[in-house]
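Asks: See protein_30.pdb below, with PDB, C-alpha atoms.
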```pdb
MODEL        1
ATOM      1  CA  MET A 146     -23.379  -2.972 -19.042
ATOM      2  CA  PRO A 147     -24.627  -2.302 -15.511
ATOM      3  CA  SER A 148     -22.213  -0.398 -13.291
ATOM      4  CA  ILE A 149     -20.401  -2.206 -10.502
ATOM      5  CA  VAL A 150     -20.320   0.969  -8.379
ATOM      6  CA  PRO A 151     -23.652   0.328  -6.524
ATOM      7  CA  THR A 152     -22.387  -3.140  -5.521
ATOM      8  CA  LEU A 153     -19.088  -1.695  -4.292
ATOM      9  CA  THR A 154     -20.916   1.057  -2.391
ATOM     10  CA  TRP A 155     -23.073  -1.637  -0.721
ATOM     11  CA  LEU A 156     -19.941  -3.639   0.147
ATOM     12  CA  GLU A 157     -18.257  -0.559   1.613
ATOM     13  CA  GLY A 158     -21.289   0.179   3.791
ATOM     14  CA  LEU A 159     -21.532  -3.270   5.402
ATOM     15  CA  GLY A 160     -20.999  -3.517   9.137
ATOM     16  CA  TRP A 161     -17.885  -5.674   9.053
ATOM     17  CA  THR A 162     -16.108  -3.785   6.243
ATOM     18  CA  THR A 163     -16.799  -0.490   8.037
ATOM     19  CA  ALA A 164     -15.550  -1.962  11.325
ATOM     20  CA  ILE A 165     -12.225  -3.020   9.757
ATOM     21  CA  ARG A 166     -11.841   0.277   7.881
ATOM     22  CA  GLU A 167     -12.287   2.228  11.134
ATOM     23  CA  SER A 168     -10.345  -0.154  13.379
ATOM     24  CA  PRO A 169      -7.143   1.199  14.959
ATOM     25  CA  TRP A 170      -5.473  -2.238  14.963
ATOM     26  CA  GLY A 171      -7.450  -4.617  12.683
ATOM     27  CA  TYR A 172      -6.630  -2.870   9.430
ATOM     28  CA  PRO A 173      -2.892  -2.415  10.174
ATOM     29  CA  LEU A 174      -2.749  -6.101  11.156
ATOM     30  CA  ILE A 175      -4.305  -7.233   7.848
ATOM     31  CA  GLU A 176      -2.147  -4.830   5.854
ATOM     32  CA  THR A 177       1.029  -6.025   7.589
ATOM     33  CA  SER A 178       0.057  -9.687   7.052
ATOM     34  CA  HIS A 179      -0.540  -8.898   3.379
ATOM     35  CA  VAL A 180       2.954  -7.480   2.984
ATOM     36  CA  ALA A 181       4.605 -10.217   5.080
ATOM     37  CA  SER A 182       3.024 -13.036   3.062
ATOM     38  CA  ILE A 183       3.946 -11.274  -0.203
ATOM     39  CA  VAL A 184       7.543 -11.143   1.017
ATOM     40  CA  ALA A 185       7.460 -14.905   1.692
ATOM     41  CA  PHE A 186       5.742 -15.714  -1.612
ATOM     42  CA  ALA A 187       7.785 -13.434  -3.868
ATOM     43  CA  GLY A 188      11.068 -14.320  -2.168
ATOM     44  CA  ILE A 189      10.558 -17.999  -2.891
ATOM     45  CA  VAL A 190       9.286 -17.335  -6.424
ATOM     46  CA  ILE A 191      12.452 -15.316  -7.067
ATOM     47  CA  MET A 192      14.649 -18.230  -5.933
ATOM     48  CA  MET A 193      12.823 -20.574  -8.331
ATOM     49  CA  ASP A 194      13.139 -18.021 -11.141
ATOM     50  CA  LEU A 195      16.869 -17.568 -10.484
ATOM     51  CA  ARG A 196      17.311 -21.354 -10.863
ATOM     52  CA  LEU A 197      15.353 -21.213 -14.122
ATOM     53  CA  VAL A 198      17.430 -18.422 -15.637
ATOM     54  CA  GLY A 199      20.588 -20.180 -14.442
ATOM     55  CA  LEU A 200      21.818 -17.818 -11.730
ATOM     56  CA  ALA A 201      21.230 -19.871  -8.571
ATOM     57  CA  PHE A 202      21.413 -23.545  -7.467
ATOM     58  CA  THR A 203      22.624 -24.543 -10.931
ATOM     59  CA  HIS A 204      24.211 -27.676  -9.427
ATOM     60  CA  ALA A 205      20.813 -28.928  -8.198
ATOM     61  CA  PRO A 206      18.193 -30.550 -10.478
ATOM     62  CA  LEU A 207      15.344 -28.208 -11.360
ATOM     63  CA  ALA A 208      12.729 -30.764 -10.258
ATOM     64  CA  LEU A 209      14.299 -30.907  -6.799
ATOM     65  CA  ILE A 210      14.173 -27.126  -6.396
ATOM     66  CA  GLN A 211      10.612 -27.047  -7.710
ATOM     67  CA  ARG A 212       9.481 -29.841  -5.362
ATOM     68  CA  ARG A 213      11.022 -28.177  -2.320
ATOM     69  CA  LEU A 214       9.952 -24.594  -3.043
ATOM     70  CA  PHE A 215       6.455 -25.036  -4.506
ATOM     71  CA  PRO A 216       4.598 -25.840  -1.223
ATOM     72  CA  TRP A 217       6.173 -22.791   0.415
ATOM     73  CA  GLN A 218       5.209 -20.602  -2.537
ATOM     74  CA  MET A 219       1.614 -21.667  -2.017
ATOM     75  CA  ALA A 220       1.945 -21.123   1.745
ATOM     76  CA  GLY A 221       2.792 -17.502   0.911
ATOM     77  CA  LEU A 222       0.328 -17.105  -1.957
ATOM     78  CA  VAL A 223      -2.826 -18.202  -0.112
ATOM     79  CA  PRO A 224      -2.617 -15.724   2.825
ATOM     80  CA  SER A 225      -1.438 -12.896   0.554
ATOM     81  CA  MET A 226      -4.457 -13.419  -1.728
ATOM     82  CA  ALA A 227      -6.851 -13.764   1.233
ATOM     83  CA  THR A 228      -5.629 -10.574   2.920
ATOM     84  CA  GLY A 229      -5.564  -8.793  -0.464
ATOM     85  CA  VAL A 230      -9.202  -9.655  -1.177
ATOM     86  CA  LEU A 231     -10.089  -8.582   2.357
ATOM     87  CA  LEU A 232      -8.375  -5.192   1.900
ATOM     88  CA  CYS A 233     -10.325  -4.697  -1.351
ATOM     89  CA  CYS A 234     -13.620  -5.454   0.438
ATOM     90  CA  VAL A 235     -12.818  -2.945   3.171
ATOM     91  CA  ASP A 236     -12.335  -0.019   0.768
ATOM     92  CA  PRO A 237     -13.684  -1.181  -2.625
ATOM     93  CA  LEU A 238     -14.366   2.205  -4.232
ATOM     94  CA  ARG A 239     -10.849   3.428  -3.500
ATOM     95  CA  TYR A 240      -9.337   0.492  -5.395
ATOM     96  CA  TYR A 241     -11.933   0.701  -8.154
ATOM     97  CA  ARG A 242     -10.774   4.284  -8.811
ATOM     98  CA  SER A 243      -7.053   3.534  -8.557
ATOM     99  CA  MET A 244      -5.234   3.144 -11.867
ATOM    100  CA  PHE A 245      -2.287   1.424 -10.170
ATOM    101  CA  PHE A 246      -4.656  -1.185  -8.710
ATOM    102  CA  TRP A 247      -5.874  -2.184 -12.176
ATOM    103  CA  ILE A 248      -2.329  -2.274 -13.535
ATOM    104  CA  LYS A 249      -1.363  -4.487 -10.586
ATOM    105  CA  LEU A 250      -4.257  -6.898 -11.311
ATOM    106  CA  LEU A 251      -3.265  -7.049 -14.975
ATOM    107  CA  LEU A 252       0.391  -7.771 -14.100
ATOM    108  CA  MET A 253      -0.692 -10.506 -11.658
ATOM    109  CA  ALA A 254      -2.917 -12.065 -14.314
ATOM    110  CA  LEU A 255      -0.015 -12.056 -16.797
ATOM    111  CA  ALA A 256       2.328 -13.567 -14.162
ATOM    112  CA  GLY A 257      -0.300 -16.252 -13.511
ATOM    113  CA  VAL A 258      -0.622 -17.102 -17.208
ATOM    114  CA  ASN A 259       3.184 -17.243 -17.476
ATOM    115  CA  ALA A 260       3.425 -19.632 -14.498
ATOM    116  CA  LEU A 261       0.578 -21.787 -15.784
ATOM    117  CA  ALA A 262       2.042 -21.998 -19.285
ATOM    118  CA  PHE A 263       5.403 -22.995 -17.794
ATOM    119  CA  HIS A 264       3.933 -25.726 -15.583
ATOM    120  CA  LEU A 265       1.512 -27.144 -18.167
ATOM    121  CA  LYS A 266       3.820 -27.043 -21.212
ATOM    122  CA  THR A 267       7.514 -26.332 -20.664
ATOM    123  CA  TYR A 268       7.905 -28.153 -17.349
ATOM    124  CA  GLN A 269       6.215 -31.308 -18.709
ATOM    125  CA  ARG A 270       9.328 -31.887 -20.838
ATOM    126  CA  ALA A 271      11.766 -30.839 -18.124
ATOM    127  CA  ASP A 272      13.291 -34.305 -17.661
ATOM    128  CA  ARG A 273      15.487 -33.660 -20.712
ATOM    129  CA  TRP A 274      17.291 -30.682 -19.161
ATOM    130  CA  ASP A 275      16.391 -31.191 -15.510
ATOM    131  CA  GLU A 276      19.971 -31.630 -14.307
ATOM    132  CA  ASP A 277      21.588 -29.197 -16.743
ATOM    133  CA  PRO A 278      22.834 -25.967 -15.163
ATOM    134  CA  GLN A 279      21.219 -24.253 -18.172
ATOM    135  CA  ALA A 280      17.494 -24.940 -18.512
ATOM    136  CA  ALA A 281      15.824 -24.931 -21.946
ATOM    137  CA  ALA A 282      15.478 -21.519 -23.584
ATOM    138  CA  THR A 283      11.693 -21.470 -23.036
ATOM    139  CA  ALA A 284      12.210 -22.234 -19.329
ATOM    140  CA  ARG A 285      14.852 -19.497 -18.992
ATOM    141  CA  LEU A 286      12.437 -17.078 -20.680
ATOM    142  CA  ALA A 287       9.603 -18.107 -18.316
ATOM    143  CA  GLY A 288      11.893 -17.452 -15.337
ATOM    144  CA  ALA A 289      12.941 -14.022 -16.630
ATOM    145  CA  VAL A 290       9.341 -13.027 -17.438
ATOM    146  CA  SER A 291       8.250 -14.149 -13.967
ATOM    147  CA  LEU A 292      10.985 -12.051 -12.313
ATOM    148  CA  VAL A 293       9.922  -8.940 -14.238
ATOM    149  CA  LEU A 294       6.156  -9.406 -13.781
ATOM    150  CA  TRP A 295       6.213 -10.167 -10.053
ATOM    151  CA  SER A 296       8.631  -7.293  -9.363
ATOM    152  CA  ALA A 297       6.386  -4.926 -11.329
ATOM    153  CA  THR A 298       3.349  -6.256  -9.437
ATOM    154  CA  ILE A 299       4.959  -5.391  -6.103
ATOM    155  CA  VAL A 300       6.034  -1.935  -7.301
ATOM    156  CA  THR A 301       2.552  -1.047  -8.617
ATOM    157  CA  GLY A 302       1.024  -2.381  -5.385
ATOM    158  CA  ARG A 303       3.218  -0.024  -3.408
ATOM    159  CA  LEU A 304       2.167   2.843  -5.702
ATOM    160  CA  ILE A 305      -1.589   2.421  -5.046
ATOM    161  CA  PRO A 306      -1.471   5.051  -2.221
ATOM    162  CA  TYR A 307      -0.306   7.642  -4.774
ATOM    163  CA  ASN A 308      -3.209   9.026  -6.794
ATOM    164  CA  TRP A 309      -1.236  10.371  -9.753
ATOM    165  CA  PHE A 310      -3.825   9.281 -12.294
ATOM    166  CA  ASN A 311      -6.978  10.129 -10.375
TER     167      ASN A 311
ATOM    168  CA  MET B 192      32.296 -15.057  -1.878
ATOM    169  CA  LYS B 193      30.022 -15.442   1.149
ATOM    170  CA  MET B 194      31.979 -12.700   2.897
ATOM    171  CA  LYS B 195      31.474 -10.405  -0.113
ATOM    172  CA  ILE B 196      27.696 -10.958  -0.110
ATOM    173  CA  PHE B 197      27.639 -10.341   3.613
ATOM    174  CA  LEU B 198      29.511  -7.045   3.204
ATOM    175  CA  VAL B 199      27.205  -5.892   0.402
ATOM    176  CA  LEU B 200      24.139  -6.693   2.535
ATOM    177  CA  LEU B 201      25.703  -4.893   5.484
ATOM    178  CA  ALA B 202      26.362  -1.791   3.365
ATOM    179  CA  ALA B 203      22.806  -1.884   1.974
ATOM    180  CA  GLY B 204      21.431  -2.166   5.497
ATOM    181  CA  ALA B 205      23.515   0.785   6.646
ATOM    182  CA  LEU B 206      22.216   2.875   3.721
ATOM    183  CA  CYS B 207      18.620   2.010   4.634
ATOM    184  CA  ALA B 208      19.262   3.001   8.224
ATOM    185  CA  VAL B 209      20.327   6.569   7.337
ATOM    186  CA  GLN B 210      17.234   7.129   5.162
ATOM    187  CA  PRO B 211      14.555   9.005   7.125
ATOM    188  CA  ALA B 212      11.461   6.946   7.917
ATOM    189  CA  GLN B 213       8.857   7.189   5.180
ATOM    190  CA  ALA B 214       5.123   7.492   5.727
ATOM    191  CA  HIS B 215       2.461   5.478   3.941
ATOM    192  CA  HIS B 216       2.989   7.893   1.105
ATOM    193  CA  ALA B 217       5.439  10.744   1.047
ATOM    194  CA  PHE B 218       4.224  14.125   2.286
ATOM    195  CA  ALA B 219       6.079  15.911  -0.513
ATOM    196  CA  ALA B 220       4.281  13.870  -3.194
ATOM    197  CA  GLU B 221       1.028  15.719  -2.578
ATOM    198  CA  TYR B 222       1.523  18.635  -0.188
ATOM    199  CA  ASP B 223       3.444  21.889  -0.331
ATOM    200  CA  VAL B 224       5.504  22.623   2.786
ATOM    201  CA  THR B 225       5.784  26.293   1.720
ATOM    202  CA  LYS B 226       1.986  26.691   1.909
ATOM    203  CA  PRO B 227       0.971  26.410   5.580
ATOM    204  CA  VAL B 228      -2.733  27.070   6.193
ATOM    205  CA  THR B 229      -4.850  27.745   9.273
ATOM    206  CA  LEU B 230      -8.450  26.794   8.590
ATOM    207  CA  THR B 231     -11.241  28.012  10.864
ATOM    208  CA  GLY B 232     -14.635  26.615  10.056
ATOM    209  CA  ILE B 233     -17.238  23.890  10.352
ATOM    210  CA  VAL B 234     -16.434  20.169  10.175
ATOM    211  CA  THR B 235     -19.133  18.827   7.854
ATOM    212  CA  LYS B 236     -17.920  15.219   8.022
ATOM    213  CA  MET B 237     -15.088  13.156   9.476
ATOM    214  CA  GLU B 238     -14.054   9.922   7.785
ATOM    215  CA  TRP B 239     -12.446   7.934  10.596
ATOM    216  CA  ALA B 240     -10.756   5.460   8.259
ATOM    217  CA  ASN B 241      -7.634   3.524   7.344
ATOM    218  CA  PRO B 242      -5.066   4.026   6.019
ATOM    219  CA  HIS B 243      -5.743   7.772   6.456
ATOM    220  CA  GLY B 244      -8.633   9.722   7.874
ATOM    221  CA  TRP B 245     -10.295  12.729   6.228
ATOM    222  CA  ILE B 246     -11.825  15.834   7.755
ATOM    223  CA  TYR B 247     -14.275  17.620   5.472
ATOM    224  CA  MET B 248     -14.402  21.255   6.436
ATOM    225  CA  ASP B 249     -16.185  24.401   5.227
ATOM    226  CA  THR B 250     -14.416  27.737   5.641
ATOM    227  CA  LYS B 251     -15.441  31.254   4.675
ATOM    228  CA  GLU B 252     -13.326  33.008   2.065
ATOM    229  CA  PRO B 253     -12.594  36.756   2.492
ATOM    230  CA  ASP B 254     -15.260  37.464  -0.146
ATOM    231  CA  GLY B 255     -17.863  35.532   1.853
ATOM    232  CA  LYS B 256     -17.900  32.445  -0.353
ATOM    233  CA  VAL B 257     -17.830  29.025   1.322
ATOM    234  CA  LYS B 258     -14.808  26.863   0.499
ATOM    235  CA  HIS B 259     -14.950  23.071   0.900
ATOM    236  CA  TRP B 260     -11.720  21.511   2.193
ATOM    237  CA  MET B 261     -10.588  17.901   2.283
ATOM    238  CA  ILE B 262      -8.028  17.511   5.065
ATOM    239  CA  GLU B 263      -5.988  14.340   5.291
ATOM    240  CA  THR B 264      -5.221  13.063   8.792
ATOM    241  CA  ALA B 265      -3.313  10.142  10.251
ATOM    242  CA  GLY B 266      -5.069   6.770  10.468
ATOM    243  CA  PRO B 267      -7.194   5.647  13.444
ATOM    244  CA  SER B 268      -4.349   3.988  15.373
ATOM    245  CA  GLN B 269      -2.258   7.185  15.366
ATOM    246  CA  LEU B 270      -5.252   9.412  16.156
ATOM    247  CA  VAL B 271      -6.111   7.169  19.104
ATOM    248  CA  ARG B 272      -2.506   7.329  20.282
ATOM    249  CA  HIS B 273      -2.706  11.134  20.204
ATOM    250  CA  GLY B 274      -5.782  11.102  22.408
ATOM    251  CA  LEU B 275      -8.637  11.318  19.885
ATOM    252  CA  LYS B 276     -11.570   8.975  19.380
ATOM    253  CA  LYS B 277     -14.212   8.713  16.672
ATOM    254  CA  ALA B 278     -16.878  10.133  18.986
ATOM    255  CA  ASP B 279     -14.884  13.374  19.378
ATOM    256  CA  PHE B 280     -16.070  14.329  15.907
ATOM    257  CA  THR B 281     -19.626  15.465  15.327
ATOM    258  CA  ASP B 282     -20.902  16.752  11.991
ATOM    259  CA  GLY B 283     -21.313  20.504  12.162
ATOM    260  CA  MET B 284     -18.842  21.159  14.983
ATOM    261  CA  SER B 285     -16.569  24.158  14.673
ATOM    262  CA  ALA B 286     -12.811  23.644  14.746
ATOM    263  CA  VAL B 287      -9.458  25.067  13.727
ATOM    264  CA  VAL B 288      -7.085  22.942  11.659
ATOM    265  CA  LYS B 289      -3.503  23.849  10.924
ATOM    266  CA  GLY B 290      -1.809  22.104   8.043
ATOM    267  CA  TYR B 291      -0.302  22.389   4.579
ATOM    268  CA  GLN B 292      -2.094  22.943   1.295
ATOM    269  CA  GLY B 293      -2.020  20.456  -1.592
ATOM    270  CA  THR B 294       0.544  21.074  -4.334
ATOM    271  CA  ASN B 295      -1.914  20.609  -7.191
ATOM    272  CA  ASP B 296      -5.296  20.681  -5.487
ATOM    273  CA  PRO B 297      -5.970  24.001  -3.623
ATOM    274  CA  SER B 298      -8.896  22.512  -1.663
ATOM    275  CA  LEU B 299      -6.748  19.678  -0.329
ATOM    276  CA  ALA B 300      -4.712  19.949   2.867
ATOM    277  CA  ASN B 301      -2.575  17.794   5.114
ATOM    278  CA  GLY B 302      -3.740  18.302   8.677
ATOM    279  CA  ARG B 303      -1.155  18.789  11.439
ATOM    280  CA  THR B 304      -2.961  20.238  14.455
ATOM    281  CA  LEU B 305      -6.658  20.153  15.346
ATOM    282  CA  VAL B 306      -8.008  22.593  17.922
ATOM    283  CA  MET B 307     -11.492  21.812  19.219
ATOM    284  CA  LYS B 308     -14.083  24.413  20.270
ATOM    285  CA  ASP B 309     -13.283  23.730  23.946
ATOM    286  CA  GLY B 310      -9.622  24.565  23.332
ATOM    287  CA  ARG B 311      -8.237  21.020  23.393
ATOM    288  CA  SER B 312      -5.499  20.600  20.811
ATOM    289  CA  PHE B 313      -4.459  17.376  19.063
ATOM    290  CA  TYR B 314      -1.716  16.311  16.682
ATOM    291  CA  ILE B 315      -3.411  14.723  13.652
ATOM    292  CA  GLY B 316      -0.493  14.537  11.200
ATOM    293  CA  SER B 317       0.853  11.409   9.561
ATOM    294  CA  VAL B 318       4.431  10.295  10.010
ATOM    295  CA  GLY B 319       6.747  11.938   7.511
ATOM    296  CA  GLY B 320       5.514  15.520   7.559
ATOM    297  CA  PRO B 321       7.798  18.518   8.106
ATOM    298  CA  ASN B 322       9.443  18.976  11.484
ATOM    299  CA  ASP B 323       7.311  22.000  12.383
ATOM    300  CA  GLY B 324       6.744  21.351  16.077
ATOM    301  CA  ALA B 325       3.146  20.182  15.593
ATOM    302  CA  GLU B 326       4.079  16.725  16.839
ATOM    303  CA  ARG B 327       4.694  16.719  20.576
TER     304      ARG B 327
ENDMDL
END
```
As structure tokens, what does this structure read like?

Replies:
Amino acid sequence: MPSIVPTLTWLEGLGWTTAIRESPWGYPLIETSHVASIVAFAGIVIMMDLRLVGLAFTHAPLALIQRRLFPWQMAGLVPSMATGVLLCCVDPLRYYRSMFFWIKLLLMALAGVNALAFHLKTYQRADRWDEDPQAAATARLAGAVSLVLWSATIVTGRLIPYNWFN
Amino acid sequence: MKMKIFLVLLAAGALCAVQPAQAHHAFAAEYDVTKPVTLTGIVTKMEWANPHGWIYMDTKEPDGKVKHWMIETAGPSQLVRHGLKKADFTDGMSAVVKGYQGTNDPSLANGRTLVMKDGRSFYIGSVGGPNDGAER
């Protein structure tokens, strides 16, 4: 398998990635936006998950919560992904060599699969327990798994600056 | 109930407020405050980069051998605030750097003060280092 390192080295050497990496204000601005949009995204995901596990808004139908929160989750997800990809482009080799970065990607992938499985399978039959304070067991499990995976994603993201494994 | 939540949040906020401000990553995670170093040598390269800059420096050991150092500095925005710019660094310039040695890596250091050949002195440390008077 050909190595990805030459491609990442090329990416790191480009004019615009170098300019952001060396910029006194551009990089901090992107980094801050990344964190701020994660806060918005994860905060709203947590509220949805708390409804699923039966700890919040139990008096409100699940579909109502989902309908109201989903657009705002996406409004947080899109800028957090965009700024995240941008940060990777600016310093690709650093992330390539960071163990925490790969763990974070894996956790995000798992959280994505969990969310997708919930929406495509469990949620399709939600009308049967939509208004129950207690969602179906599979839905409660999906909510709990989501809480754990997204929390772990944020923690590993914060740990990327520490090179314990390098 | 609402009052209780409010009080818990208030207490949590108060606890956060008494915690000292943390840097991008903690100084103590990588550097040893009991190992201050003063490095006199040649700057072979300066990486003016976010989130932290790096000064690559060659010093002469007592036995004449050349030692290669990697010195972590603050990021560009802080360096600019302390009066430095990228063009102040030229490969091969001589300089003196005061800082602290790495806990596990003896060729790693956290830079605190940079003294140029012309005598100008700059604070280059990140937030969160020891209160050693380097920051003015």

Asks: Pick out the closest residue to chain B from this set: A:Ser291, A:Thr162, A:Thr298, A:Ser178. Count only C-alpha atoms.

Replies: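 Among A:Ser291, A:Thr162, A:Thr298, A:Ser178, it is A:Thr162 that comes nearest to chain B.
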
Asks: Could you check which of B:Arg303, B:Lys308, B:Lys276, B:Lys226 is closest to chain A, using all atoms listed in the file?

Replies: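 Of the candidates, the smallest distance to chain A is held by B:Lys276.
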
Asks: Just the residues within 12 Å of Asp279 of chain B, please, counting all atoms listed in the file, with nothing from its chain fewer than 6 positions along; format it as a list in words.

Replies: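 After dropping sequence-adjacent residues, the list is Val234, Lys236, Met237, Trp239, Leu270, Val271, Ser285, Ala286, Leu305, Val306, Met307, Lys308, Asp309, Arg311, Ser312 and Phe313 of chain B.
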
Asks: So the first atom is atom CA of Leu153 of chain A and the second is atom CA of Leu238 of chain A; what is the distance between them in Å, to one decimal place?

Replies: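 For atom CA of Leu153 of chain A relative to atom CA of Leu238 of chain A, the distance reads 6.1 Å.
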
Asks: For a quick check of understanding, using all atoms listed in the file, which of A:Leu231, A:Leu292, A:Ile165, A:Ala254 has the smallest distance to chain B?

Replies: A:Ile165

Asks: Up to 8 Å from chain B, what residues of chain A turn up? Count all atoms listed in the file and give them as a VMD selection string.

Replies: chain A and resid 166 to 170 172 to 173 306 to 307

Asks: Would you save the residues of that selection, restricted to C-alpha atoms, as a PDB file, in the coordinates of the input?

Replies:
```pdb
ATOM      1  CA  ARG A 166     -11.841   0.277   7.881  1.00  0.00           C
ATOM      2  CA  GLU A 167     -12.287   2.228  11.134  1.00  0.00           C
ATOM      3  CA  SER A 168     -10.345  -0.154  13.379  1.00  0.00           C
ATOM      4  CA  PRO A 169      -7.143   1.199  14.959  1.00  0.00           C
ATOM      5  CA  TRP A 170      -5.473  -2.238  14.963  1.00  0.00           C
ATOM      6  CA  TYR A 172      -6.630  -2.870   9.430  1.00  0.00           C
ATOM      7  CA  PRO A 173      -2.892  -2.415  10.174  1.00  0.00           C
ATOM      8  CA  PRO A 306      -1.471   5.051  -2.221  1.00  0.00           C
ATOM      9  CA  TYR A 307      -0.306   7.642  -4.774  1.00  0.00           C
TER      10      TYR A 307
END
```

Asks: Can you work out which one of A:Ser225, A:Thr301, A:Ser182, A:Gln269 has the shortest atom-to-atom distance to Ala281 of chain A, counting only C-alpha atoms?

Replies: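 Among the listed residues, A:Gln269 lies closest to Ala281 of chain A.
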
Asks: Which of these residues is nearest to Leu304 of chain A, using all atoms listed in the file: A:Thr203, A:Thr177, A:Thr163, A:Ser243?

Replies: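 With all atoms listed in the file as the atom set, the closest residue is A:Ser243.
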
Asks: Carefully work through the PyMOL selection byres ((chain B and resi 320) around 9) for this structure and note down the residues it includes, as a tab-separated table (two decimals) with C-alpha atoms, in the frame of the given file.

Replies:
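Saved the output as selection_18.tsv:
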```tsv
chain	number	residue	atom	x	y	z
B	214	ALA	CA	5.12	7.49	5.73
B	217	ALA	CA	5.44	10.74	1.05
B	218	PHE	CA	4.22	14.12	2.29
B	219	ALA	CA	6.08	15.91	-0.51
B	224	VAL	CA	5.50	22.62	2.79
B	301	ASN	CA	-2.58	17.79	5.11
B	303	ARG	CA	-1.16	18.79	11.44
B	316	GLY	CA	-0.49	14.54	11.20
B	317	SER	CA	0.85	11.41	9.56
B	318	VAL	CA	4.43	10.30	10.01
B	319	GLY	CA	6.75	11.94	7.51
B	321	PRO	CA	7.80	18.52	8.11
B	322	ASN	CA	9.44	18.98	11.48
B	323	ASP	CA	7.31	22.00	12.38
```

Asks: Measuring between all atoms listed in the file, which one of B:Val287, B:Ala325, B:Leu230, B:Leu299 shows the shortest distance to Glu252 of chain B?

Replies: B:Leu230

Asks: Could you tell me how far atom CA of Ile299 of chain A sits from atom CA of Met244 of chain A, in Å to one decimal place?

Replies: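 Computing the Euclidean distance for atom CA of Met244 of chain A and atom CA of Ile299 of chain A yields 14.5 Å.
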
Asks: What separation in Å, quoted to one decimal, exists between atom CA of Leu294 of chain A and atom CA of Leu252 of chain A?

Replies: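 Result for atom CA of Leu294 of chain A versus atom CA of Leu252 of chain A: 6.0 Å, one decimal.
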
Asks: Find the residues near Ile315 of chain B: any atom within 6 Å, counting all atoms listed in the file, skip ones fewer than 4 places away on the same chain, and give them as a tab-separated table (two decimals) with C-alpha atoms, keeping the file's coordinate frame.

Replies:
```
chain	number	residue	atom	x	y	z
B	264	THR	CA	-5.22	13.06	8.79
B	265	ALA	CA	-3.31	10.14	10.25
B	303	ARG	CA	-1.16	18.79	11.44
B	304	THR	CA	-2.96	20.24	14.46
```

Asks: Taking the point (-18.4, -3.8, -8.6) as given in the file, collect each protein or nucleic acid residue that comes within 12 Å of it, counting only C-alpha atoms, and present the set as a list in words.

Replies: Met146, Pro147, Ser148, Ile149, Val150, Pro151, Thr152, Leu153, Thr154, Trp155, Leu156, Glu157, Cys233, Cys234, Asp236, Pro237, Leu238, Arg239, Tyr240, Tyr241 and Arg242 of chain A

Asks: Which residues are near Pro227 of chain B? Cut-off 7 Å, only C-alpha atoms, ignore same chain within fewer than 3 positions. Put them as a count of residues only.

Replies: 4

Asks: Excluding Ala220 of chain A and any residue of its chain fewer than 5 positions from it, enumerate the residues within 12 Å of it, using only C-alpha atoms, and give them as an NGL selection string.

Replies: :A and (181-187 or 189-190 or 214-215 or 225-227)
